[in-house]
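A.B. asks: Can you keep this structure in mind? I'll have questions shortly.
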Amino acid sequence: MPPFILMESVPAMKERASVAALMAQGSSTIALANRRCLLSKYQKKPVKTFHLSGDFIAYASPDSTYAVSKRLLDAAKKSILIGIYDFSAGYMKDILLNAMQRGVKVSLMLDLDGVQGELPIFEELKRFGCEAVPAPSCASDNAQFFNSSHEKVIVIDDLWTLVQSGNYSKNSIPLNEQDGGNPENFVKGNRDMGIAVRSKPLASFFTAILRSDMRLEIDGAGGGEVAPSSDVMRATAPTLVEAVPQALPARLFPSKHFNPEKPVKVTPVLTPDNYMEVIPDFLAGATKSIFMEQQYIRGNHTHIITLLNAIRSAMDKNPALDVRIILGKTFGGDDLKKERENLKNIEQVFRLKLGNNIRIIDTKRFVHCHNKLIIVDTAAVLVSSQNWSDTGVGTNREAGLLVRYPEMAAYFATIFESDWATAATALPKAKAETISPRALARGNFMEVSAADYQEV
């Protein structure tokens with residue numbers, strides 16, 4: 001596993017404990033805000049299934065997310081509305097500034113919690129005319145309706161909607177300008193996925209969701225000026241550095257455009273509104289296969305037990321059911337011990353075995369598996385922001401799209417198969433969790449965002 005260091009200033013840097021080591025000393029997350037606040041009562045929104053025949057684009061990080069996003073954002077003529085958890089990639093800010101310069105109205109709702117570089121981006125966009133509003137999460141001083149506002153939704157010109165697992169961080173949307181990536185100049189990053197849909201009704205639905213959440217924050221501030229929380233204003237988040245993965249992904253995947261002849265069933269899947277009403281039945285109805293990529297699975301959480309029981313139910317009804325799950329990077333120390341216990345429990349209770357059913361993303365090729373993908377029977381696919389924790393599926397603000405379209409499911413399944421082929425069949429061994437300044441000076445290190453590793 002590539003180690004981390006905390007870096008305060010490069011010229012004067014001394015050898016430092018890694019993030020993994022700090023986590024082992026008392027926390028299984030990189031905490032940037034108190035996410036266990038007392039929540040205000042949220043009124044769930046009705047969610048309907050759409051039947052859409054417009055254009056679809058399927059894409060993935062690190063290969064094509066940036067190219068697709070830039071293409072659609074650069075084409076915006078009237079408006080860009082974004083609700084996102086982490087925004088720390090300066091080049092995405094530049095795209096939005098360019099849009100504002102040509103007269104596009106940009107609105108941003110951001111879960112501000114002290115991530116390195118995020119507040120300056122928020123303030124600069126606001127200074128140049130962006131409608132910039134903190135999200136009504138536990139990180140807010142004004143309104144606390146969700147533990148985290150962890151969605152990643154972009155609506156362009158009230159027409160295009162992008163829903164994805166990845167943040168606007170350097171590893172979730174790495175700067176690969178060529179769609180599919182140039183092997184000779186490839187920027188490595190997380191495995192993430194997304195779907196863009198050209199549909200006015202779907203864009204209207206997500207616009208209403210984002211605007212409603214923004215209104216919660218604005219009303220919480222008394223209808224006046226909204227500002228980052230006092231804790232965020234005082235935050236001095238560390239810089240995180242990690243060794244660059246040594247190899248390219250086994251295969252690079254360009255985005256794929258779909259124009260279905262018949263309407264496709266598309267269901268928004270939101271937390272806290274309908275995830276636990278939709279996804280257990282989706283999983284339990286599998287007859288051939290369930291493929292998943294998840295950052296983590298918290299097998300002792302109440303909602304996650306329900307989801308795992310749904311998988312187990314499908315397996316019991318279909319003994320030949322192919323169930324395979326790829327998980328994200330595992331750290332050392334206590335975190336590694338807890339994950340061993342977690343996976344042992346999942347094997348004993350749900351009979352999902354490490355190696356056969358569960359593997360770990362290949363960190364020689366990817367920074368992390370930040371994905372939240374579910375494919376059932378290669379006939380339907382969920383691309384979303386929900387991690388498998390009780391907050392992720394129960395009390396955060398999260399968003400996804402469940403698309404019942406075999407051609408698109410097959411696109412994502414092909415990527416999954418490539419990732420599965422190189423994924424590790426066992427947990428990594430514990431290693432020393434420090435990097436010397438001499439090693440850093442030799443290069444091959446990259447900055448990472450704490451938000452990509454937080455448990456939410």
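Each chain of the structure tokens is named A, B, ... in the order shown, its residues numbered from 1; ligands are numbered from 1 in display order.
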Mind the document's chain letters and residue numbers, and return as an mmCIF file with N, CA and C atoms, in the first residue's frame the residues of stretch 76-135 of chain A that DSSP labels alpha helix (DSSP H).
C.D. replies:
```cif
data_model
loop_
_atom_site.group_PDB
_atom_site.id
_atom_site.type_symbol
_atom_site.label_atom_id
_atom_site.label_comp_id
_atom_site.auth_asym_id
_atom_site.auth_seq_id
_atom_site.Cartn_x
_atom_site.Cartn_y
_atom_site.Cartn_z
ATOM 1 N N GLY A 90 -7.936 22.953 -8.625
ATOM 2 C CA GLY A 90 -7.962 24.317 -9.141
ATOM 3 C C GLY A 90 -8.331 24.411 -10.606
ATOM 4 N N TYR A 91 -7.998 23.406 -11.401
ATOM 5 C CA TYR A 91 -8.318 23.469 -12.823
ATOM 6 C C TYR A 91 -9.819 23.392 -13.074
ATOM 7 N N MET A 92 -10.596 22.784 -12.169
ATOM 8 C CA MET A 92 -12.048 22.803 -12.321
ATOM 9 C C MET A 92 -12.605 24.195 -11.991
ATOM 10 N N LYS A 93 -11.973 24.868 -11.032
ATOM 11 C CA LYS A 93 -12.341 26.266 -10.747
ATOM 12 C C LYS A 93 -12.125 27.129 -11.989
ATOM 13 N N ASP A 94 -11.017 26.921 -12.705
ATOM 14 C CA ASP A 94 -10.718 27.720 -13.889
ATOM 15 C C ASP A 94 -11.776 27.524 -14.968
ATOM 16 N N ILE A 95 -12.269 26.306 -15.111
ATOM 17 C CA ILE A 95 -13.333 26.053 -16.092
ATOM 18 C C ILE A 95 -14.574 26.863 -15.742
ATOM 19 N N LEU A 96 -14.916 26.917 -14.445
ATOM 20 C CA LEU A 96 -16.099 27.683 -14.025
ATOM 21 C C LEU A 96 -15.871 29.182 -14.178
ATOM 22 N N LEU A 97 -14.669 29.658 -13.877
ATOM 23 C CA LEU A 97 -14.376 31.083 -14.079
ATOM 24 C C LEU A 97 -14.503 31.449 -15.551
ATOM 25 N N ASN A 98 -14.022 30.591 -16.432
ATOM 26 C CA ASN A 98 -14.160 30.839 -17.865
ATOM 27 C C ASN A 98 -15.627 30.894 -18.271
ATOM 28 N N ALA A 99 -16.453 30.019 -17.693
ATOM 29 C CA ALA A 99 -17.884 30.036 -18.002
ATOM 30 C C ALA A 99 -18.513 31.341 -17.553
ATOM 31 N N MET A 100 -18.156 31.810 -16.347
ATOM 32 C CA MET A 100 -18.719 33.074 -15.864
ATOM 33 C C MET A 100 -18.286 34.250 -16.732
ATOM 34 N N GLN A 101 -17.073 34.192 -17.262
ATOM 35 C CA GLN A 101 -16.586 35.275 -18.121
ATOM 36 C C GLN A 101 -17.388 35.392 -19.407
ATOM 37 N N GLU A 118 -9.790 24.084 -0.426
ATOM 38 C CA GLU A 118 -11.192 24.195 -0.812
ATOM 39 C C GLU A 118 -11.761 25.591 -0.551
ATOM 40 N N LEU A 119 -11.491 26.151 0.623
ATOM 41 C CA LEU A 119 -12.037 27.466 0.960
ATOM 42 C C LEU A 119 -11.567 28.559 0.010
ATOM 43 N N PRO A 120 -10.274 28.607 -0.352
ATOM 44 C CA PRO A 120 -9.872 29.630 -1.327
ATOM 45 C C PRO A 120 -10.594 29.515 -2.663
ATOM 46 N N ILE A 121 -10.846 28.296 -3.125
ATOM 47 C CA ILE A 121 -11.594 28.120 -4.375
ATOM 48 C C ILE A 121 -13.010 28.641 -4.216
ATOM 49 N N PHE A 122 -13.665 28.291 -3.121
ATOM 50 C CA PHE A 122 -15.025 28.748 -2.837
ATOM 51 C C PHE A 122 -15.084 30.276 -2.817
ATOM 52 N N GLU A 123 -14.137 30.888 -2.117
ATOM 53 C CA GLU A 123 -14.145 32.346 -1.979
ATOM 54 C C GLU A 123 -13.822 33.037 -3.301
ATOM 55 N N GLU A 124 -12.907 32.487 -4.090
ATOM 56 C CA GLU A 124 -12.577 33.109 -5.369
ATOM 57 C C GLU A 124 -13.753 33.037 -6.336
ATOM 58 N N LEU A 125 -14.403 31.882 -6.413
ATOM 59 C CA LEU A 125 -15.578 31.774 -7.287
ATOM 60 C C LEU A 125 -16.651 32.766 -6.857
ATOM 61 N N LYS A 126 -16.858 32.880 -5.550
ATOM 62 C CA LYS A 126 -17.859 33.825 -5.035
ATOM 63 C C LYS A 126 -17.489 35.260 -5.384
ATOM 64 N N ARG A 127 -16.218 35.591 -5.264
ATOM 65 C CA ARG A 127 -15.756 36.951 -5.535
ATOM 66 C C ARG A 127 -15.992 37.342 -6.989
#
```
A.B. asks: Could you list, as a count of residues only, every residue within 9 Å of A:Ala430, counting only C-alpha atoms and ignoring same-chain residues fewer than 5 positions away?
C.D. replies: 5
A.B. asks: Please return, as a PyMOL selection string, all residues of stretch 108-327 of chain A that DSSP assigns to strand (DSSP E) on the basis of the backbone.
C.D. replies: chain A and resi 108-110+131-134+152-156+160-164+192-198+239-243+256-258+264-271+289-294+322-327
A.B. asks: Could those selected residues go to a file with C-alpha atoms, as a PDB file, in the first residue's frame?
C.D. replies:
```pdb
ATOM      1  CA  LEU A 108     -22.259  26.106  -6.182  1.00  0.00           C
ATOM      2  CA  MET A 109     -23.327  24.322  -2.994  1.00  0.00           C
ATOM      3  CA  LEU A 110     -20.238  22.925  -1.279  1.00  0.00           C
ATOM      4  CA  GLU A 131     -23.649  32.047  -6.182  1.00  0.00           C
ATOM      5  CA  ALA A 132     -21.668  30.124  -3.554  1.00  0.00           C
ATOM      6  CA  VAL A 133     -23.521  28.545  -0.630  1.00  0.00           C
ATOM      7  CA  PRO A 134     -22.218  26.158   2.066  1.00  0.00           C
ATOM      8  CA  LYS A 152     -21.787  14.989  -6.669  1.00  0.00           C
ATOM      9  CA  VAL A 153     -24.426  16.451  -9.020  1.00  0.00           C
ATOM     10  CA  ILE A 154     -23.928  18.960 -11.846  1.00  0.00           C
ATOM     11  CA  VAL A 155     -26.806  20.450 -13.880  1.00  0.00           C
ATOM     12  CA  ILE A 156     -25.932  22.376 -17.058  1.00  0.00           C
ATOM     13  CA  TRP A 160     -27.669  18.021 -18.903  1.00  0.00           C
ATOM     14  CA  THR A 161     -27.361  16.278 -15.525  1.00  0.00           C
ATOM     15  CA  LEU A 162     -24.115  14.658 -14.400  1.00  0.00           C
ATOM     16  CA  VAL A 163     -24.314  12.304 -11.406  1.00  0.00           C
ATOM     17  CA  GLN A 164     -21.088  10.681 -10.261  1.00  0.00           C
ATOM     18  CA  ASP A 192     -14.709   6.620  -9.953  1.00  0.00           C
ATOM     19  CA  MET A 193     -17.668   6.565 -12.348  1.00  0.00           C
ATOM     20  CA  GLY A 194     -20.377   8.876 -13.622  1.00  0.00           C
ATOM     21  CA  ILE A 195     -23.362   9.240 -15.950  1.00  0.00           C
ATOM     22  CA  ALA A 196     -24.431  12.325 -17.914  1.00  0.00           C
ATOM     23  CA  VAL A 197     -28.032  12.493 -19.150  1.00  0.00           C
ATOM     24  CA  ARG A 198     -29.564  14.971 -21.588  1.00  0.00           C
ATOM     25  CA  THR A 239      -1.231  18.721   2.938  1.00  0.00           C
ATOM     26  CA  LEU A 240      -1.376  14.967   2.249  1.00  0.00           C
ATOM     27  CA  VAL A 241       1.146  13.325  -0.030  1.00  0.00           C
ATOM     28  CA  GLU A 242       1.164   9.785  -1.397  1.00  0.00           C
ATOM     29  CA  ALA A 243       3.398   7.727  -3.644  1.00  0.00           C
ATOM     30  CA  LYS A 256     -19.265   6.013 -24.256  1.00  0.00           C
ATOM     31  CA  HIS A 257     -22.214   7.834 -25.775  1.00  0.00           C
ATOM     32  CA  PHE A 258     -25.619   6.136 -25.922  1.00  0.00           C
ATOM     33  CA  VAL A 264     -34.861   3.928 -20.625  1.00  0.00           C
ATOM     34  CA  LYS A 265     -36.047   3.639 -17.018  1.00  0.00           C
ATOM     35  CA  VAL A 266     -33.984   5.993 -14.857  1.00  0.00           C
ATOM     36  CA  THR A 267     -34.617   6.279 -11.121  1.00  0.00           C
ATOM     37  CA  PRO A 268     -32.842   8.893  -9.000  1.00  0.00           C
ATOM     38  CA  VAL A 269     -31.594   7.214  -5.824  1.00  0.00           C
ATOM     39  CA  LEU A 270     -31.192   9.699  -2.995  1.00  0.00           C
ATOM     40  CA  THR A 271     -30.167   9.614   0.630  1.00  0.00           C
ATOM     41  CA  SER A 289     -24.725 -11.539 -11.100  1.00  0.00           C
ATOM     42  CA  ILE A 290     -24.003  -8.662  -8.724  1.00  0.00           C
ATOM     43  CA  PHE A 291     -20.857  -6.647  -9.398  1.00  0.00           C
ATOM     44  CA  MET A 292     -19.912  -3.861  -7.004  1.00  0.00           C
ATOM     45  CA  GLU A 293     -17.139  -1.356  -6.425  1.00  0.00           C
ATOM     46  CA  GLN A 294     -17.286   0.315  -3.016  1.00  0.00           C
ATOM     47  CA  ASP A 322     -21.866 -14.474  -9.425  1.00  0.00           C
ATOM     48  CA  VAL A 323     -21.240 -11.971  -6.603  1.00  0.00           C
ATOM     49  CA  ARG A 324     -18.024  -9.967  -6.789  1.00  0.00           C
ATOM     50  CA  ILE A 325     -17.086  -6.820  -4.872  1.00  0.00           C
ATOM     51  CA  ILE A 326     -14.014  -4.586  -5.169  1.00  0.00           C
ATOM     52  CA  LEU A 327     -13.171  -2.462  -2.119  1.00  0.00           C
TER      53      LEU A 327
END
```
A.B. asks: Find the residues around A:His303 up to 12 Å (only C-alpha atoms counted), leave out those fewer than 4 positions away in its own chain, and share them as a PyMOL selection string.
C.D. replies: chain A and resi 272+275-277+279-280+297-299+307-310+387-395
A.B. asks: I need the residues from that last selection saved to file as an mmCIF file, in the first residue's frame (with C-alpha atoms), if you can.
C.D. replies:
```
data_model
loop_
_atom_site.group_PDB
_atom_site.id
_atom_site.type_symbol
_atom_site.label_atom_id
_atom_site.label_comp_id
_atom_site.auth_asym_id
_atom_site.auth_seq_id
_atom_site.Cartn_x
_atom_site.Cartn_y
_atom_site.Cartn_z
ATOM 1 C CA PRO A 272 -32.058 10.076 2.845
ATOM 2 C CA TYR A 275 -31.996 4.562 -1.149
ATOM 3 C CA MET A 276 -33.180 2.029 1.413
ATOM 4 C CA GLU A 277 -36.553 1.717 -0.335
ATOM 5 C CA ILE A 279 -31.655 -0.786 -3.430
ATOM 6 C CA PRO A 280 -32.444 -3.780 -1.165
ATOM 7 C CA ILE A 297 -18.568 -1.855 3.497
ATOM 8 C CA ARG A 298 -19.379 -1.407 7.186
ATOM 9 C CA GLY A 299 -20.774 -4.883 7.810
ATOM 10 C CA LEU A 307 -28.261 -4.593 2.101
ATOM 11 C CA LEU A 308 -25.976 -7.578 2.694
ATOM 12 C CA ASN A 309 -29.001 -9.693 3.607
ATOM 13 C CA ALA A 310 -30.530 -8.727 0.262
ATOM 14 C CA ASN A 387 -20.739 4.648 0.585
ATOM 15 C CA TRP A 388 -21.964 1.557 2.420
ATOM 16 C CA SER A 389 -22.285 3.005 5.909
ATOM 17 C CA ASP A 390 -25.402 3.923 7.875
ATOM 18 C CA THR A 391 -24.786 7.620 7.243
ATOM 19 C CA GLY A 392 -24.084 7.029 3.548
ATOM 20 C CA VAL A 393 -27.388 5.298 2.891
ATOM 21 C CA GLY A 394 -29.403 6.816 5.754
ATOM 22 C CA THR A 395 -28.679 10.374 6.868
#
```
A.B. asks: Which of these residues is nearest to A:Asn345, using only C-alpha atoms: A:Arg251, A:Lys70, A:Arg359, A:His301?
C.D. replies: A:His301
A.B. asks: Write out as a VMD selection string each polymer residue whose atoms come within 12 Å of A:Asp219, counting only C-alpha atoms; drop sequence neighbours fewer than 6 positions from it.
C.D. replies: chain A and resid 133 135 to 136 141 to 144 211 to 213 225 to 226
A.B. asks: Show which residues sit within 12 Å of A:Asn182, as a ChimeraX atom specification. Count only C-alpha atoms, and ignore same-chain residues fewer than 3 positions away.
C.D. replies: /A:62-64,67,175-179,185-188,248-249,251-254
A.B. asks: Which residue out of A:Ser229, A:Ser149, A:Asn171, A:Thr287 has the minimum interatomic distance to A:Asn318 when only C-alpha atoms are used?
C.D. replies: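 The shortest atom-to-atom distance to A:Asn318 comes from A:Thr287.
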A.B. asks: Under the rule that only C-alpha atoms are counted, which of A:Trp420, A:Tyr405, A:Phe56, A:Tyr296 is the nearest residue to A:Asn342?
C.D. replies: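 Checking each candidate against A:Asn342, we get A:Tyr296 as the closest.
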A.B. asks: Rank A:Cys138, A:Asp281, A:Ala60, A:Lys338 by their smallest atom-to-atom distance to A:Asn371, using only C-alpha atoms, and report the top residue only.
C.D. replies: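 Using only C-alpha atoms, the shortest distance to A:Asn371 belongs to A:Ala60.
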